[in-house]
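Novice: What follows is target13.pdb, PDB, C-alpha atoms.
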ATOM      1  CA  MET Q  29       0.000   0.000   0.000
ATOM      2  CA  PRO Q  30       1.442   3.427  -0.915
ATOM      3  CA  VAL Q  31       2.566   5.618   1.991
ATOM      4  CA  ARG Q  32      -0.053   8.321   1.322
ATOM      5  CA  GLU Q  33      -2.935   5.837   1.317
ATOM      6  CA  ALA Q  34      -1.672   4.235   4.502
ATOM      7  CA  ALA Q  35      -1.408   7.677   6.131
ATOM      8  CA  ALA Q  36      -4.943   8.579   4.984
ATOM      9  CA  GLU Q  37      -6.271   5.326   6.419
ATOM     10  CA  ARG Q  38      -4.504   5.986   9.721
ATOM     11  CA  ALA Q  39      -5.930   9.525   9.763
ATOM     12  CA  GLN Q  40      -9.471   8.179   9.397
ATOM     13  CA  SER Q  41      -9.081   5.804  12.301
ATOM     14  CA  ALA Q  42      -7.239   8.222  14.628
ATOM     15  CA  ASN Q  43      -8.841  10.177  17.441
ATOM     16  CA  PRO Q  44      -8.047  13.869  16.715
ATOM     17  CA  VAL Q  45      -7.961  14.785  20.424
ATOM     18  CA  LEU Q  46      -5.509  11.991  21.206
ATOM     19  CA  VAL Q  47      -3.343  12.937  18.222
ATOM     20  CA  SER Q  48      -3.324  16.598  19.287
ATOM     21  CA  LEU Q  49      -2.366  15.683  22.843
ATOM     22  CA  ALA Q  50       0.501  13.532  21.581
ATOM     23  CA  ALA Q  51       1.574  16.292  19.165
ATOM     24  CA  TRP Q  52       1.562  18.825  22.001
ATOM     25  CA  ALA Q  53       3.450  16.576  24.432
ATOM     26  CA  VAL Q  54       6.154  15.528  21.971
ATOM     27  CA  PRO Q  55       6.723  17.963  19.084
ATOM     28  CA  GLY Q  56       6.265  16.128  15.784
ATOM     29  CA  ALA Q  57       4.548  13.090  17.337
ATOM     30  CA  GLY Q  58       1.309  13.858  15.479
ATOM     31  CA  HIS Q  59       3.047  13.858  12.112
ATOM     32  CA  LEU Q  60       5.012  10.717  12.963
ATOM     33  CA  TRP Q  61       1.680   9.087  13.906
ATOM     34  CA  PHE Q  62       0.435   9.606  10.346
ATOM     35  CA  GLY Q  63       3.655   8.455   8.727
ATOM     36  CA  HIS Q  64       5.005  11.918   7.846
ATOM     37  CA  ARG Q  65       8.413  10.835   9.057
ATOM     38  CA  PHE Q  66      10.504  13.713   7.700
ATOM     39  CA  LYS Q  67       8.183  16.421   9.023
ATOM     40  CA  GLY Q  68       7.852  14.703  12.384
ATOM     41  CA  LEU Q  69      11.589  14.303  12.834
ATOM     42  CA  VAL Q  70      12.281  17.915  11.860
ATOM     43  CA  PHE Q  71       9.790  19.154  14.487
ATOM     44  CA  LEU Q  72      11.085  16.665  17.044
ATOM     45  CA  VAL Q  73      14.623  18.003  16.700
ATOM     46  CA  THR Q  74      14.068  21.688  15.920
ATOM     47  CA  LEU Q  75      11.503  22.756  18.507
ATOM     48  CA  PRO Q  76      13.096  21.271  21.666
ATOM     49  CA  LEU Q  77      16.468  22.523  20.398
ATOM     50  CA  MET Q  78      15.077  26.036  19.965
ATOM     51  CA  PHE Q  79      13.597  25.827  23.467
ATOM     52  CA  ALA Q  80      16.947  24.619  24.862
ATOM     53  CA  VAL Q  81      18.746  27.527  23.198
ATOM     54  CA  GLY Q  82      16.244  29.862  24.873
ATOM     55  CA  LEU Q  83      17.087  28.374  28.267
ATOM     56  CA  TRP Q  84      20.812  28.598  27.517
ATOM     57  CA  LEU Q  85      20.364  32.300  26.703
ATOM     58  CA  ASN Q  86      18.996  32.890  30.225
ATOM     59  CA  GLY Q  87      15.384  33.191  29.087
ATOM     60  CA  ARG Q  88      12.591  32.924  31.634
ATOM     61  CA  LEU Q  89       9.750  30.433  31.831
ATOM     62  CA  PHE Q  90       7.022  32.874  32.794
ATOM     63  CA  PRO Q  91       4.564  32.129  35.609
ATOM     64  CA  PHE Q  92       0.786  32.177  35.125
ATOM     65  CA  GLU Q  93       0.086  35.563  36.661
ATOM     66  CA  LEU Q  94      -3.391  36.558  35.617
ATOM     67  CA  SER Q  95      -2.915  40.007  37.151
ATOM     68  CA  GLN Q  96      -0.363  40.603  34.366
ATOM     69  CA  PRO Q  97      -2.057  39.463  31.136
ATOM     70  CA  LEU Q  98       1.081  39.672  28.977
ATOM     71  CA  VAL Q  99       3.042  37.519  31.428
ATOM     72  CA  ALA Q 100       0.199  34.989  31.479
ATOM     73  CA  LEU Q 101       0.137  34.904  27.673
ATOM     74  CA  ALA Q 102       3.907  34.367  27.577
ATOM     75  CA  ALA Q 103       3.475  31.509  30.069
ATOM     76  CA  LEU Q 104       0.809  29.972  27.838
ATOM     77  CA  ALA Q 105       3.158  30.199  24.846
ATOM     78  CA  ASP Q 106       5.970  28.579  26.863
ATOM     79  CA  VAL Q 107       3.720  25.638  27.775
ATOM     80  CA  GLY Q 108       3.006  25.126  24.056
ATOM     81  CA  VAL Q 109       6.231  23.187  23.638
ATOM     82  CA  GLY Q 110       4.844  20.295  25.705
ATOM     83  CA  LEU Q 111       6.830  17.876  27.844
ATOM     84  CA  THR Q 112      10.054  19.776  27.175
ATOM     85  CA  TYR Q 113       8.549  22.589  29.257
ATOM     86  CA  VAL Q 114       7.542  20.177  32.025
ATOM     87  CA  VAL Q 115      11.043  18.676  32.161
ATOM     88  CA  ALA Q 116      12.680  22.124  32.187
ATOM     89  CA  LYS Q 117      10.397  23.246  35.024
ATOM     90  CA  ALA Q 118      11.059  20.046  36.977
ATOM     91  CA  LEU Q 119      14.800  20.610  36.646
ATOM     92  CA  GLY Q 120      14.433  24.168  37.913
ATOM     93  CA  LEU Q 121      15.557  25.698  34.621
ATOM     94  CA  GLY Q 122      14.206  28.887  33.070
ATOM     95  CA  ARG Q 123      14.474  31.170  36.070
ATOM     96  CA  GLY Q 124      15.699  33.908  33.756
ATOM     97  CA  ASP Q 125      18.492  36.350  34.385
ATOM     98  CA  VAL Q 126      16.990  39.749  33.699
ATOM     99  CA  VAL Q 127      20.375  41.518  33.636
ATOM    100  CA  ALA Q 128      21.867  39.080  31.103
ATOM    101  CA  ILE Q 129      22.353  40.693  27.705
ATOM    102  CA  THR Q 130      20.731  37.665  26.072
ATOM    103  CA  TYR Q 131      17.645  37.645  28.362
ATOM    104  CA  GLU Q 132      15.209  39.034  25.773
ATOM    105  CA  TYR Q 133      16.626  36.775  23.069
ATOM    106  CA  GLY Q 134      16.133  33.811  25.386
ATOM    107  CA  ASN Q 135      12.516  34.786  25.979
ATOM    108  CA  ALA Q 136      11.926  35.124  22.224
ATOM    109  CA  PHE Q 137      13.355  31.641  21.596
ATOM    110  CA  LEU Q 138      11.274  30.081  24.419
ATOM    111  CA  ILE Q 139       8.004  31.779  23.486
ATOM    112  CA  VAL Q 140       8.326  31.222  19.741
ATOM    113  CA  ALA Q 141       9.275  27.542  20.198
ATOM    114  CA  GLY Q 142       6.000  27.073  22.095
ATOM    115  CA  LEU Q 143       3.941  29.013  19.550
ATOM    116  CA  LEU Q 144       5.452  27.084  16.642
ATOM    117  CA  ASN Q 145       4.572  23.811  18.353
ATOM    118  CA  ILE Q 146       0.987  25.026  18.712
ATOM    119  CA  LEU Q 147       0.936  25.539  14.913
ATOM    120  CA  VAL Q 148       2.323  22.018  14.493
ATOM    121  CA  VAL Q 149      -0.453  20.671  16.764
ATOM    122  CA  ILE Q 150      -3.096  22.486  14.685
ATOM    123  CA  ASP Q 151      -1.596  20.955  11.524
ATOM    124  CA  ALA Q 152      -1.755  17.466  13.091
ATOM    125  CA  TRP Q 153      -5.382  18.158  14.084
ATOM    126  CA  ASP Q 154      -6.195  19.066  10.457
ATOM    127  CA  ILE Q 155      -4.551  15.875   9.203
ATOM    128  CA  ALA Q 156      -6.511  13.818  11.738
ATOM    129  CA  LEU Q 157      -9.774  15.372  10.494
ATOM    130  CA  GLY Q 158      -8.814  14.623   6.895
ATOM    131  CA  ARG Q 159      -8.584  18.290   5.887
ATOM    132  CA  LYS Q 160      -4.993  17.904   4.654
TER     133      LYS Q 160
ATOM    134  CA  MET Z  20      29.514  36.002  24.299
ATOM    135  CA  PRO Z  21      27.079  35.354  21.441
ATOM    136  CA  SER Z  22      26.635  38.266  19.050
ATOM    137  CA  HIS Z  23      23.228  39.808  18.349
ATOM    138  CA  PHE Z  24      23.593  39.064  14.648
ATOM    139  CA  LEU Z  25      24.423  35.419  15.301
ATOM    140  CA  LEU Z  26      21.398  35.066  17.575
ATOM    141  CA  LEU Z  27      18.991  36.678  15.123
ATOM    142  CA  THR Z  28      20.390  34.445  12.368
ATOM    143  CA  LEU Z  29      19.886  31.364  14.533
ATOM    144  CA  PHE Z  30      16.341  32.495  15.378
ATOM    145  CA  ALA Z  31      15.569  33.071  11.687
ATOM    146  CA  LEU Z  32      16.995  29.649  10.852
ATOM    147  CA  PHE Z  33      14.786  27.820  13.371
ATOM    148  CA  VAL Z  34      11.621  29.671  12.347
ATOM    149  CA  SER Z  35      12.327  29.234   8.619
ATOM    150  CA  ILE Z  36      12.927  25.493   8.973
ATOM    151  CA  VAL Z  37       9.684  24.933  10.888
ATOM    152  CA  PHE Z  38       7.556  27.094   8.576
ATOM    153  CA  ALA Z  39       9.047  25.586   5.408
ATOM    154  CA  VAL Z  40       8.482  22.009   6.582
ATOM    155  CA  LEU Z  41       5.026  22.819   7.937
ATOM    156  CA  LEU Z  42       3.692  24.748   4.948
ATOM    157  CA  ARG Z  43       5.263  22.881   2.003
ATOM    158  CA  ASP Z  44       5.072  19.193   1.222
ATOM    159  CA  ASP Z  45       7.846  18.277  -1.195
ATOM    160  CA  GLY Z  46      11.540  18.679  -0.480
ATOM    161  CA  ARG Z  47      12.297  21.036  -3.330
ATOM    162  CA  SER Z  48       9.635  23.609  -2.448
ATOM    163  CA  GLN Z  49      10.492  23.282   1.260
ATOM    164  CA  LEU Z  50      14.091  24.210   0.475
ATOM    165  CA  ARG Z  51      13.033  27.068  -1.781
ATOM    166  CA  PHE Z  52      10.466  28.493   0.651
ATOM    167  CA  GLY Z  53      12.783  28.033   3.641
ATOM    168  CA  THR Z  54      15.666  29.801   1.918
ATOM    169  CA  LEU Z  55      13.378  32.646   0.882
ATOM    170  CA  LEU Z  56      12.045  33.024   4.439
ATOM    171  CA  PHE Z  57      15.486  32.876   6.001
ATOM    172  CA  GLY Z  58      16.874  35.445   3.551
ATOM    173  CA  GLY Z  59      13.844  37.679   4.134
ATOM    174  CA  PHE Z  60      14.212  37.536   7.912
ATOM    175  CA  VAL Z  61      17.925  38.320   7.901
ATOM    176  CA  ALA Z  62      17.703  40.986   5.193
ATOM    177  CA  SER Z  63      14.805  42.798   6.880
ATOM    178  CA  ALA Z  64      16.609  42.682  10.256
ATOM    179  CA  VAL Z  65      19.739  44.229   8.740
ATOM    180  CA  LEU Z  66      17.660  46.837   6.886
ATOM    181  CA  LEU Z  67      15.664  47.771   9.998
ATOM    182  CA  GLY Z  68      18.897  47.911  11.998
ATOM    183  CA  TRP Z  69      20.374  50.435   9.590
ATOM    184  CA  LEU Z  70      17.133  52.447   9.479
ATOM    185  CA  MET Z  71      17.231  52.736  13.286
ATOM    186  CA  TYR Z  72      20.922  53.646  13.309
ATOM    187  CA  PRO Z  73      20.427  57.472  13.317
ATOM    188  CA  PHE Z  74      17.988  57.365  16.242
ATOM    189  CA  PRO Z  75      19.404  57.657  19.746
ATOM    190  CA  LEU Z  76      18.371  55.213  22.506
TER     191      LEU Z  76
END
Produce structure tokens that represent the structure in this file.
Specialist:
Amino acid sequence: MPVREAAAERAQSANPVLVSLAAWAVPGAGHLWFGHRFKGLVFLVTLPLMFAVGLWLNGRLFPFELSQPLVALAALADVGVGLTYVVAKALGLGRGDVVAITYEYGNAFLIVAGLLNILVVIDAWDIALGRK
Amino acid sequence: MPSHFLLLTLFALFVSIVFAVLLRDDGRSQLRFGTLLFGGFVASAVLLGWLMYPFPL
């Protein structure tokens, strides 16, 4: 059976919510699920690496402070990268060094890695629904 | 210490790779689109940098 047909068949039988959860937890897992090996591997390597660079640049994993909406939104974006975020938090990383010259760069890397993974999750959701 | 230019190039590289792979399906158009995005990011950053040069902090 050709790869595309096999992927389409898998998409029909997959639960979109489950696929999206997997895609959120492990970047690229949703695409790997449907047999898009190259795409999945690129996301699996690139997004955690981008997040790690953000941590290395002294970026901050923002807390959910609803009194400061922008901070809360940044926290939501950080969480978008999935289990990588959970592991980083568990290890006590991402405290952020506000006087470091690379602090803002680090934040940009962390936030954008999360936002890009959210786009990847939405793409996996579309594949699961047969829209792509 | 990492330079600002190096960091913005690295940032542009990551974003271009993800967008190219996400939005294009075959390898050739992924490479083309990714290169175009990366070049656009870096070129616009350099251009904006020079445009801001005369303004004081």
Novice: Would you give me, as a PDB file with C-alpha atoms, in the frame of the given file, the residues of chain Q that come within 10 Å of chain Z, using all atoms listed in the file?
Specialist:
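Output saved as out.pdb:
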ATOM      1  CA  HIS Q  64       5.005  11.918   7.846  1.00  0.00           C
ATOM      2  CA  PHE Q  66      10.504  13.713   7.700  1.00  0.00           C
ATOM      3  CA  LYS Q  67       8.183  16.421   9.023  1.00  0.00           C
ATOM      4  CA  GLY Q  68       7.852  14.703  12.384  1.00  0.00           C
ATOM      5  CA  VAL Q  70      12.281  17.915  11.860  1.00  0.00           C
ATOM      6  CA  PHE Q  71       9.790  19.154  14.487  1.00  0.00           C
ATOM      7  CA  THR Q  74      14.068  21.688  15.920  1.00  0.00           C
ATOM      8  CA  LEU Q  75      11.503  22.756  18.507  1.00  0.00           C
ATOM      9  CA  LEU Q  77      16.468  22.523  20.398  1.00  0.00           C
ATOM     10  CA  MET Q  78      15.077  26.036  19.965  1.00  0.00           C
ATOM     11  CA  VAL Q  81      18.746  27.527  23.198  1.00  0.00           C
ATOM     12  CA  GLY Q  82      16.244  29.862  24.873  1.00  0.00           C
ATOM     13  CA  LEU Q  85      20.364  32.300  26.703  1.00  0.00           C
ATOM     14  CA  ILE Q 129      22.353  40.693  27.705  1.00  0.00           C
ATOM     15  CA  THR Q 130      20.731  37.665  26.072  1.00  0.00           C
ATOM     16  CA  TYR Q 133      16.626  36.775  23.069  1.00  0.00           C
ATOM     17  CA  GLY Q 134      16.133  33.811  25.386  1.00  0.00           C
ATOM     18  CA  ALA Q 136      11.926  35.124  22.224  1.00  0.00           C
ATOM     19  CA  PHE Q 137      13.355  31.641  21.596  1.00  0.00           C
ATOM     20  CA  VAL Q 140       8.326  31.222  19.741  1.00  0.00           C
ATOM     21  CA  ALA Q 141       9.275  27.542  20.198  1.00  0.00           C
ATOM     22  CA  LEU Q 144       5.452  27.084  16.642  1.00  0.00           C
ATOM     23  CA  ASN Q 145       4.572  23.811  18.353  1.00  0.00           C
ATOM     24  CA  LEU Q 147       0.936  25.539  14.913  1.00  0.00           C
ATOM     25  CA  VAL Q 148       2.323  22.018  14.493  1.00  0.00           C
ATOM     26  CA  ASP Q 151      -1.596  20.955  11.524  1.00  0.00           C
TER      27      ASP Q 151
END
Novice: As a check of understanding, name the residues that the PyMOL selection byres ((chain Q and resi 41-49) around 12) selects in the supplied structure, as a PyMOL selection string.
Specialist: chain Q and resi 34-40+50-62+108-111+145-159
Novice: Enter the distance from atom CA of Leu104 of chain Q to atom CA of Gly142 of chain Q, in Å, rounded to one decimal.
Specialist: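 Pair atom CA of Leu104 of chain Q / atom CA of Gly142 of chain Q returns 8.3 Å.
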Novice: Taking the file as I've supplied it (selection: the PyMOL selection byres ((chain Z and resi 61-73) around 10)), which residues are included? Please answer as JSON, numbers by chain.
Specialist: {"Z": [24, 27, 28, 29, 30, 31, 32, 56, 57, 58, 59, 60, 74, 75, 76]}
Novice: What is the atom CA of Asp45 of chain Z-atom CA of Pro76 of chain Q distance in Å, reported with one decimal?
Specialist: 23.6 Å
Novice: Just how far from atom CA of Ala105 of chain Q is atom CA of Ile139 of chain Q, in Å to one decimal?
Specialist: 5.3 Å
Novice: Neighbours of Phe90 of chain Q within 12 Å (all atoms listed in the file; same-chain residues fewer than 5 positions away dropped), as a PyMOL selection string?
Specialist: chain Q and resi 83+96-107+113+117+121-124+134-136+138-139
